[in-house]
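The file upload_11.tsv comes next; it holds TSV, N, CA and C atoms.
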chain	number	residue	atom	x	y	z
A	523	MET	N	35.52	56.07	-12.68
A	523	MET	CA	34.84	55.66	-13.87
A	523	MET	C	33.67	54.76	-13.48
A	524	ALA	N	32.50	55.02	-14.01
A	524	ALA	CA	31.32	54.24	-13.68
A	524	ALA	C	31.34	52.89	-14.40
A	525	ALA	N	30.87	51.87	-13.73
A	525	ALA	CA	30.79	50.53	-14.32
A	525	ALA	C	29.59	50.47	-15.25
A	526	HIS	N	29.66	49.56	-16.18
A	526	HIS	CA	28.54	49.31	-17.06
A	526	HIS	C	27.48	48.51	-16.30
A	527	GLU	N	26.34	48.35	-16.92
A	527	GLU	CA	25.28	47.57	-16.29
A	527	GLU	C	25.72	46.12	-16.10
A	528	ILE	N	25.48	45.59	-14.93
A	528	ILE	CA	25.78	44.20	-14.63
A	528	ILE	C	24.49	43.54	-14.15
A	529	LYS	N	24.16	42.41	-14.74
A	529	LYS	CA	23.02	41.62	-14.29
A	529	LYS	C	23.55	40.54	-13.36
A	530	ILE	N	22.86	40.34	-12.24
A	530	ILE	CA	23.26	39.32	-11.27
A	530	ILE	C	22.03	38.53	-10.85
A	531	HIS	N	22.15	37.21	-10.91
A	531	HIS	CA	21.09	36.32	-10.44
A	531	HIS	C	21.74	35.23	-9.59
A	532	ILE	N	21.10	34.90	-8.48
A	532	ILE	CA	21.60	33.83	-7.61
A	532	ILE	C	20.60	32.69	-7.59
A	533	ILE	N	21.11	31.47	-7.81
A	533	ILE	CA	20.30	30.26	-7.71
A	533	ILE	C	20.83	29.49	-6.50
A	534	HIS	N	20.01	29.32	-5.49
A	534	HIS	CA	20.48	28.68	-4.26
A	534	HIS	C	20.64	27.17	-4.39
A	535	THR	N	19.80	26.52	-5.19
A	535	THR	CA	19.94	25.10	-5.47
A	535	THR	C	19.79	24.91	-6.96
A	536	VAL	N	20.85	24.50	-7.63
A	536	VAL	CA	20.87	24.40	-9.09
A	536	VAL	C	20.20	23.10	-9.53
A	537	SER	N	19.21	23.23	-10.39
A	537	SER	CA	18.47	22.06	-10.87
A	537	SER	C	19.31	21.26	-11.87
A	538	PRO	N	18.99	19.99	-12.03
A	538	PRO	CA	19.72	19.16	-12.99
A	538	PRO	C	19.66	19.72	-14.42
A	539	GLY	N	18.53	20.25	-14.83
A	539	GLY	CA	18.40	20.82	-16.16
A	539	GLY	C	19.31	22.03	-16.36
A	540	THR	N	19.43	22.86	-15.34
A	540	THR	CA	20.32	24.01	-15.41
A	540	THR	C	21.77	23.55	-15.47
A	541	ARG	N	22.10	22.52	-14.73
A	541	ARG	CA	23.44	21.95	-14.80
A	541	ARG	C	23.74	21.45	-16.21
A	542	ASP	N	22.75	20.85	-16.87
A	542	ASP	CA	22.93	20.37	-18.24
A	542	ASP	C	23.20	21.53	-19.20
A	543	ILE	N	22.49	22.63	-19.02
A	543	ILE	CA	22.71	23.81	-19.87
A	543	ILE	C	24.14	24.31	-19.69
A	544	ILE	N	24.58	24.41	-18.45
A	544	ILE	CA	25.94	24.87	-18.17
A	544	ILE	C	26.96	23.89	-18.74
A	545	ARG	N	26.71	22.59	-18.57
A	545	ARG	CA	27.62	21.56	-19.08
A	545	ARG	C	27.83	21.73	-20.59
A	546	SER	N	26.77	22.08	-21.31
A	546	SER	CA	26.88	22.22	-22.77
A	546	SER	C	27.62	23.49	-23.19
A	547	ARG	N	27.80	24.44	-22.27
A	547	ARG	CA	28.40	25.73	-22.60
A	547	ARG	C	29.85	25.89	-22.16
A	548	VAL	N	30.29	25.16	-21.14
A	548	VAL	CA	31.65	25.35	-20.62
A	548	VAL	C	32.57	24.24	-21.11
A	549	ARG	N	33.87	24.51	-21.05
A	549	ARG	CA	34.87	23.51	-21.44
A	549	ARG	C	34.73	22.28	-20.55
A	550	LYS	N	34.94	21.11	-21.13
A	550	LYS	CA	34.79	19.86	-20.38
A	550	LYS	C	35.72	19.79	-19.17
A	551	ASP	N	36.96	20.28	-19.32
A	551	ASP	CA	37.89	20.22	-18.19
A	551	ASP	C	37.44	21.11	-17.04
A	552	VAL	N	36.73	22.18	-17.34
A	552	VAL	CA	36.21	23.07	-16.30
A	552	VAL	C	35.00	22.42	-15.62
A	553	TYR	N	34.11	21.85	-16.41
A	553	TYR	CA	32.87	21.31	-15.86
A	553	TYR	C	33.10	20.15	-14.90
A	554	GLN	N	34.13	19.34	-15.15
A	554	GLN	CA	34.39	18.18	-14.30
A	554	GLN	C	34.51	18.54	-12.83
A	555	ASN	N	35.01	19.74	-12.54
A	555	ASN	CA	35.22	20.15	-11.15
A	555	ASN	C	34.07	20.98	-10.59
A	556	LEU	N	33.07	21.27	-11.38
A	556	LEU	CA	31.95	22.09	-10.92
A	556	LEU	C	30.88	21.23	-10.28
A	557	PHE	N	30.12	21.83	-9.40
A	557	PHE	CA	28.95	21.23	-8.76
A	557	PHE	C	29.27	20.04	-7.87
A	558	GLN	N	30.53	19.79	-7.57
A	558	GLN	CA	30.89	18.67	-6.70
A	558	GLN	C	30.27	18.88	-5.31
A	559	ASP	N	30.69	19.91	-4.63
A	559	ASP	CA	30.19	20.20	-3.29
A	559	ASP	C	29.48	21.54	-3.24
A	560	ASN	N	29.26	22.13	-4.40
A	560	ASN	CA	28.71	23.49	-4.45
A	560	ASN	C	27.21	23.44	-4.68
A	561	SER	N	26.49	24.16	-3.85
A	561	SER	CA	25.04	24.11	-3.95
A	561	SER	C	24.43	25.41	-4.46
A	562	SER	N	25.18	26.48	-4.50
A	562	SER	CA	24.64	27.77	-4.88
A	562	SER	C	25.42	28.32	-6.07
A	563	LEU	N	24.72	29.00	-6.97
A	563	LEU	CA	25.33	29.54	-8.19
A	563	LEU	C	24.88	30.97	-8.40
A	564	ALA	N	25.84	31.87	-8.60
A	564	ALA	CA	25.52	33.23	-9.02
A	564	ALA	C	25.92	33.36	-10.48
A	565	LEU	N	25.06	33.97	-11.27
A	565	LEU	CA	25.34	34.24	-12.67
A	565	LEU	C	25.44	35.75	-12.84
A	566	LEU	N	26.54	36.19	-13.43
A	566	LEU	CA	26.75	37.62	-13.66
A	566	LEU	C	26.96	37.84	-15.15
A	567	HIS	N	26.38	38.90	-15.66
A	567	HIS	CA	26.54	39.25	-17.07
A	567	HIS	C	26.93	40.72	-17.14
A	568	GLY	N	27.98	41.00	-17.88
A	568	GLY	CA	28.45	42.37	-18.05
A	568	GLY	C	29.57	42.41	-19.05
A	569	ASP	N	30.22	43.55	-19.16
A	569	ASP	CA	31.32	43.61	-20.12
A	569	ASP	C	32.53	42.84	-19.59
A	570	VAL	N	33.44	42.51	-20.48
A	570	VAL	CA	34.58	41.65	-20.15
A	570	VAL	C	35.40	42.22	-19.00
A	571	CYS	N	35.69	43.50	-19.04
A	571	CYS	CA	36.50	44.13	-18.00
A	571	CYS	C	35.85	43.97	-16.62
A	572	ASP	N	34.57	44.26	-16.53
A	572	ASP	CA	33.86	44.13	-15.26
A	572	ASP	C	33.79	42.68	-14.79
A	573	MET	N	33.62	41.74	-15.71
A	573	MET	CA	33.52	40.33	-15.34
A	573	MET	C	34.85	39.79	-14.83
A	574	ILE	N	35.96	40.20	-15.43
A	574	ILE	CA	37.27	39.77	-14.95
A	574	ILE	C	37.53	40.36	-13.57
A	575	TYR	N	37.20	41.62	-13.39
A	575	TYR	CA	37.36	42.27	-12.09
A	575	TYR	C	36.47	41.61	-11.04
A	576	ALA	N	35.22	41.31	-11.42
A	576	ALA	CA	34.29	40.65	-10.51
A	576	ALA	C	34.79	39.27	-10.12
A	577	SER	N	35.38	38.55	-11.05
A	577	SER	CA	35.94	37.23	-10.77
A	577	SER	C	37.02	37.33	-9.70
A	578	ASP	N	37.91	38.27	-9.86
A	578	ASP	CA	39.00	38.46	-8.89
A	578	ASP	C	38.45	38.82	-7.52
A	579	MET	N	37.49	39.73	-7.49
A	579	MET	CA	36.90	40.15	-6.22
A	579	MET	C	36.17	39.01	-5.53
A	580	ALA	N	35.43	38.21	-6.30
A	580	ALA	CA	34.67	37.10	-5.73
A	580	ALA	C	35.61	36.10	-5.07
A	581	GLN	N	36.71	35.76	-5.75
A	581	GLN	CA	37.64	34.77	-5.22
A	581	GLN	C	38.38	35.27	-3.99
A	582	LYS	N	38.58	36.58	-3.90
A	582	LYS	CA	39.25	37.15	-2.73
A	582	LYS	C	38.29	37.34	-1.55
A	583	ALA	N	36.99	37.42	-1.84
A	583	ALA	CA	35.99	37.69	-0.80
A	583	ALA	C	35.50	36.42	-0.11
A	584	ALA	N	35.52	35.30	-0.82
A	584	ALA	CA	34.92	34.08	-0.25
A	584	ALA	C	35.50	32.84	-0.93
A	585	ASP	N	35.24	31.70	-0.32
A	585	ASP	CA	35.69	30.42	-0.86
A	585	ASP	C	34.71	29.97	-1.94
A	586	VAL	N	34.93	30.47	-3.16
A	586	VAL	CA	34.06	30.16	-4.29
A	586	VAL	C	34.90	29.71	-5.48
A	587	ALA	N	34.24	29.00	-6.39
A	587	ALA	CA	34.84	28.65	-7.67
A	587	ALA	C	34.23	29.57	-8.71
A	588	VAL	N	35.07	30.14	-9.57
A	588	VAL	CA	34.60	31.07	-10.59
A	588	VAL	C	34.93	30.49	-11.96
A	589	PHE	N	33.98	30.58	-12.89
A	589	PHE	CA	34.21	30.06	-14.23
A	589	PHE	C	33.46	30.90	-15.25
A	590	GLU	N	33.91	30.82	-16.48
A	590	GLU	CA	33.29	31.57	-17.58
A	590	GLU	C	32.32	30.67	-18.32
A	591	ILE	N	31.17	31.21	-18.66
A	591	ILE	CA	30.25	30.57	-19.58
A	591	ILE	C	30.40	31.37	-20.87
A	592	PRO	N	31.16	30.85	-21.84
A	592	PRO	CA	31.56	31.66	-22.99
A	592	PRO	C	30.42	32.10	-23.89
A	593	GLY	N	30.70	33.20	-24.58
A	593	GLY	CA	29.76	33.74	-25.54
A	593	GLY	C	30.04	33.23	-26.93
A	594	SER	N	29.55	33.94	-27.91
A	594	SER	CA	29.64	33.48	-29.29
A	594	SER	C	30.95	33.86	-29.99
A	595	CYS	N	31.75	34.73	-29.38
A	595	CYS	CA	33.03	35.08	-29.96
A	595	CYS	C	34.02	35.40	-28.84
A	596	PRO	N	35.32	35.36	-29.12
A	596	PRO	CA	36.32	35.55	-28.05
A	596	PRO	C	36.25	36.91	-27.35
A	597	GLN	N	35.72	37.92	-28.00
A	597	GLN	CA	35.67	39.24	-27.40
A	597	GLN	C	34.43	39.44	-26.53
A	598	HIS	N	33.56	38.46	-26.47
A	598	HIS	CA	32.30	38.59	-25.74
A	598	HIS	C	32.19	37.51	-24.67
A	599	MET	N	32.03	37.91	-23.44
A	599	MET	CA	31.85	36.96	-22.35
A	599	MET	C	30.37	36.98	-21.98
A	600	THR	N	29.70	35.87	-22.17
A	600	THR	CA	28.28	35.83	-21.88
A	600	THR	C	28.01	35.93	-20.39
A	601	CYS	N	28.63	35.05	-19.62
A	601	CYS	CA	28.33	34.99	-18.20
A	601	CYS	C	29.55	34.58	-17.39
A	602	LEU	N	29.54	35.02	-16.16
A	602	LEU	CA	30.51	34.56	-15.17
A	602	LEU	C	29.71	33.75	-14.16
A	603	GLY	N	30.16	32.55	-13.86
A	603	GLY	CA	29.51	31.73	-12.86
A	603	GLY	C	30.33	31.73	-11.58
A	604	ILE	N	29.65	31.86	-10.46
A	604	ILE	CA	30.31	31.81	-9.15
A	604	ILE	C	29.61	30.73	-8.35
A	605	LEU	N	30.36	29.68	-8.01
A	605	LEU	CA	29.81	28.54	-7.28
A	605	LEU	C	30.39	28.44	-5.88
A	606	GLY	N	29.56	28.04	-4.95
A	606	GLY	CA	30.00	27.81	-3.58
A	606	GLY	C	28.80	27.54	-2.71
A	607	ASP	N	29.03	27.46	-1.41
A	607	ASP	CA	27.86	27.31	-0.55
A	607	ASP	C	27.12	28.64	-0.54
A	608	VAL	N	25.91	28.62	-0.06
A	608	VAL	CA	25.04	29.81	-0.14
A	608	VAL	C	25.70	31.03	0.48
A	609	ALA	N	26.26	30.89	1.66
A	609	ALA	CA	26.88	32.04	2.35
A	609	ALA	C	28.06	32.59	1.56
A	610	ALA	N	28.89	31.72	1.01
A	610	ALA	CA	30.07	32.17	0.26
A	610	ALA	C	29.66	32.91	-1.01
A	611	VAL	N	28.67	32.38	-1.72
A	611	VAL	CA	28.21	33.04	-2.95
A	611	VAL	C	27.60	34.40	-2.62
A	612	GLU	N	26.80	34.46	-1.58
A	612	GLU	CA	26.20	35.74	-1.19
A	612	GLU	C	27.26	36.75	-0.77
A	613	THR	N	28.29	36.32	-0.07
A	613	THR	CA	29.38	37.20	0.33
A	613	THR	C	30.12	37.73	-0.90
A	614	ALA	N	30.42	36.84	-1.84
A	614	ALA	CA	31.11	37.24	-3.07
A	614	ALA	C	30.28	38.26	-3.86
A	615	VAL	N	28.99	37.98	-4.00
A	615	VAL	CA	28.11	38.88	-4.77
A	615	VAL	C	27.98	40.23	-4.07
A	616	ALA	N	27.87	40.23	-2.76
A	616	ALA	CA	27.79	41.49	-2.02
A	616	ALA	C	29.03	42.35	-2.25
A	617	ARG	N	30.19	41.71	-2.25
A	617	ARG	CA	31.44	42.44	-2.49
A	617	ARG	C	31.46	43.05	-3.89
A	618	ILE	N	31.01	42.29	-4.87
A	618	ILE	CA	30.96	42.77	-6.25
A	618	ILE	C	29.96	43.92	-6.37
A	619	GLN	N	28.80	43.76	-5.77
A	619	GLN	CA	27.80	44.84	-5.83
A	619	GLN	C	28.30	46.12	-5.21
A	620	LYS	N	28.99	46.00	-4.10
A	620	LYS	CA	29.51	47.19	-3.42
A	620	LYS	C	30.52	47.93	-4.30
A	621	ALA	N	31.35	47.19	-5.00
A	621	ALA	CA	32.41	47.80	-5.80
A	621	ALA	C	31.95	48.26	-7.17
A	622	LEU	N	31.03	47.52	-7.78
A	622	LEU	CA	30.71	47.79	-9.18
A	622	LEU	C	29.33	48.38	-9.43
A	623	LEU	N	28.46	48.36	-8.45
A	623	LEU	CA	27.12	48.89	-8.71
A	623	LEU	C	26.86	50.16	-7.94
Here is the file; what I need is its structure written in the form of structure tokens.
Amino acid sequence: MAAHEIKIHIIHTVSPGTRDIIRSRVRKDVYQNLFQDNSSLALLHGDVCDMIYASDMAQKAADVAVFEIPGSCPQHMTCLGILGDVAAVETAVARIQKALL
């Protein structure tokens, strides 16, 4: 079965303003543990099934933290965030691209 379209963007150094946008979108308990030692962020957008699968693949491929940036309703996932050092994020994204794109 073919995957739906997935958008992927990698930010190697997350700016303070971008961190503020993410802080306003994620649960407070999730945000407290983000950006501590992580310098790189991948943002993925796709359907819920693909995003859950991508989350699992990313965590198995590299030492990354994965979190949801929620959408406007429970059935819609706006974005999946993958945080880690640059090499780990790139490894996780490569694994996802190989499997889903």
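One distance worth recording is that between atom C of A:Val548 and atom CA of A:Ala583, which is 24.6 Å.
Residue nearest A:Ile528, chosen from A:Ile544, A:Leu566, A:Ala610, A:Cys601 and counting all atoms listed in the file: A:Leu566.
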### Task
Assign secondary structure with DSSP using the backbone only, and return the residues of chain A in strand (DSSP E or B) as an MDAnalysis selection string.
chainID A and resid 529:533 562:567 587:591 601:606
#### Entry: A:Ile604 environment, 6 Å, all atoms listed in the file, sequence neighbours closer than 4 positions dropped, as a ChimeraX atom specification
/A:562-565,587-589
Please output stretch 572-597 of chain A, rebuilt to include N, CA, C and O atoms, as an mmCIF file, in the frame of the given file.
data_model
loop_
_atom_site.group_PDB
_atom_site.id
_atom_site.type_symbol
_atom_site.label_atom_id
_atom_site.label_comp_id
_atom_site.auth_asym_id
_atom_site.auth_seq_id
_atom_site.Cartn_x
_atom_site.Cartn_y
_atom_site.Cartn_z
ATOM 1 N N ASP A 572 34.570 44.260 -16.530
ATOM 2 C CA ASP A 572 33.860 44.130 -15.260
ATOM 3 C C ASP A 572 33.790 42.680 -14.790
ATOM 4 O O ASP A 572 33.909 42.402 -13.599
ATOM 5 N N MET A 573 33.620 41.740 -15.710
ATOM 6 C CA MET A 573 33.520 40.330 -15.340
ATOM 7 C C MET A 573 34.850 39.790 -14.830
ATOM 8 O O MET A 573 34.902 39.036 -13.865
ATOM 9 N N ILE A 574 35.960 40.200 -15.430
ATOM 10 C CA ILE A 574 37.270 39.770 -14.950
ATOM 11 C C ILE A 574 37.530 40.360 -13.570
ATOM 12 O O ILE A 574 37.999 39.679 -12.652
ATOM 13 N N TYR A 575 37.200 41.620 -13.390
ATOM 14 C CA TYR A 575 37.360 42.270 -12.090
ATOM 15 C C TYR A 575 36.470 41.610 -11.040
ATOM 16 O O TYR A 575 36.896 41.322 -9.912
ATOM 17 N N ALA A 576 35.220 41.310 -11.420
ATOM 18 C CA ALA A 576 34.290 40.650 -10.510
ATOM 19 C C ALA A 576 34.790 39.270 -10.120
ATOM 20 O O ALA A 576 34.670 38.851 -8.957
ATOM 21 N N SER A 577 35.380 38.550 -11.050
ATOM 22 C CA SER A 577 35.940 37.230 -10.770
ATOM 23 C C SER A 577 37.020 37.330 -9.700
ATOM 24 O O SER A 577 37.033 36.554 -8.736
ATOM 25 N N ASP A 578 37.910 38.270 -9.860
ATOM 26 C CA ASP A 578 39.000 38.460 -8.890
ATOM 27 C C ASP A 578 38.450 38.820 -7.520
ATOM 28 O O ASP A 578 38.853 38.264 -6.500
ATOM 29 N N MET A 579 37.490 39.730 -7.490
ATOM 30 C CA MET A 579 36.900 40.150 -6.220
ATOM 31 C C MET A 579 36.170 39.010 -5.530
ATOM 32 O O MET A 579 36.276 38.841 -4.318
ATOM 33 N N ALA A 580 35.430 38.210 -6.300
ATOM 34 C CA ALA A 580 34.670 37.100 -5.730
ATOM 35 C C ALA A 580 35.610 36.100 -5.070
ATOM 36 O O ALA A 580 35.363 35.653 -3.943
ATOM 37 N N GLN A 581 36.710 35.760 -5.750
ATOM 38 C CA GLN A 581 37.640 34.770 -5.220
ATOM 39 C C GLN A 581 38.380 35.270 -3.990
ATOM 40 O O GLN A 581 38.760 34.476 -3.129
ATOM 41 N N LYS A 582 38.580 36.580 -3.900
ATOM 42 C CA LYS A 582 39.250 37.150 -2.730
ATOM 43 C C LYS A 582 38.290 37.340 -1.550
ATOM 44 O O LYS A 582 38.715 37.379 -0.403
ATOM 45 N N ALA A 583 36.990 37.420 -1.840
ATOM 46 C CA ALA A 583 35.990 37.690 -0.800
ATOM 47 C C ALA A 583 35.500 36.420 -0.110
ATOM 48 O O ALA A 583 35.103 36.470 1.054
ATOM 49 N N ALA A 584 35.520 35.300 -0.820
ATOM 50 C CA ALA A 584 34.920 34.080 -0.250
ATOM 51 C C ALA A 584 35.500 32.840 -0.930
ATOM 52 O O ALA A 584 36.130 32.926 -1.975
ATOM 53 N N ASP A 585 35.240 31.700 -0.320
ATOM 54 C CA ASP A 585 35.690 30.420 -0.860
ATOM 55 C C ASP A 585 34.710 29.970 -1.940
ATOM 56 O O ASP A 585 33.772 29.215 -1.683
ATOM 57 N N VAL A 586 34.930 30.470 -3.160
ATOM 58 C CA VAL A 586 34.060 30.160 -4.290
ATOM 59 C C VAL A 586 34.900 29.710 -5.480
ATOM 60 O O VAL A 586 36.088 29.995 -5.567
ATOM 61 N N ALA A 587 34.240 29.000 -6.390
ATOM 62 C CA ALA A 587 34.840 28.650 -7.670
ATOM 63 C C ALA A 587 34.230 29.570 -8.710
ATOM 64 O O ALA A 587 33.014 29.780 -8.728
ATOM 65 N N VAL A 588 35.070 30.140 -9.570
ATOM 66 C CA VAL A 588 34.600 31.070 -10.590
ATOM 67 C C VAL A 588 34.930 30.490 -11.960
ATOM 68 O O VAL A 588 36.026 29.969 -12.164
ATOM 69 N N PHE A 589 33.980 30.580 -12.890
ATOM 70 C CA PHE A 589 34.210 30.060 -14.230
ATOM 71 C C PHE A 589 33.460 30.900 -15.250
ATOM 72 O O PHE A 589 32.502 31.600 -14.915
ATOM 73 N N GLU A 590 33.910 30.820 -16.480
ATOM 74 C CA GLU A 590 33.290 31.570 -17.580
ATOM 75 C C GLU A 590 32.320 30.670 -18.320
ATOM 76 O O GLU A 590 32.606 29.501 -18.579
ATOM 77 N N ILE A 591 31.170 31.210 -18.660
ATOM 78 C CA ILE A 591 30.250 30.570 -19.580
ATOM 79 C C ILE A 591 30.400 31.370 -20.870
ATOM 80 O O ILE A 591 29.891 32.492 -20.966
ATOM 81 N N PRO A 592 31.160 30.850 -21.840
ATOM 82 C CA PRO A 592 31.560 31.660 -22.990
ATOM 83 C C PRO A 592 30.420 32.100 -23.890
ATOM 84 O O PRO A 592 29.382 31.449 -23.960
ATOM 85 N N GLY A 593 30.700 33.200 -24.580
ATOM 86 C CA GLY A 593 29.760 33.740 -25.540
ATOM 87 C C GLY A 593 30.040 33.230 -26.930
ATOM 88 O O GLY A 593 30.732 32.224 -27.115
ATOM 89 N N SER A 594 29.550 33.940 -27.910
ATOM 90 C CA SER A 594 29.640 33.480 -29.290
ATOM 91 C C SER A 594 30.950 33.860 -29.990
ATOM 92 O O SER A 594 31.223 33.376 -31.065
ATOM 93 N N CYS A 595 31.750 34.730 -29.380
ATOM 94 C CA CYS A 595 33.030 35.080 -29.960
ATOM 95 C C CYS A 595 34.020 35.400 -28.840
ATOM 96 O O CYS A 595 33.610 35.657 -27.712
ATOM 97 N N PRO A 596 35.320 35.360 -29.120
ATOM 98 C CA PRO A 596 36.320 35.550 -28.050
ATOM 99 C C PRO A 596 36.250 36.910 -27.350
ATOM 100 O O PRO A 596 36.672 37.035 -26.215
ATOM 101 N N GLN A 597 35.720 37.920 -28.000
ATOM 102 C CA GLN A 597 35.670 39.240 -27.400
ATOM 103 C C GLN A 597 34.430 39.440 -26.530
ATOM 104 O O GLN A 597 34.243 40.481 -25.931
#
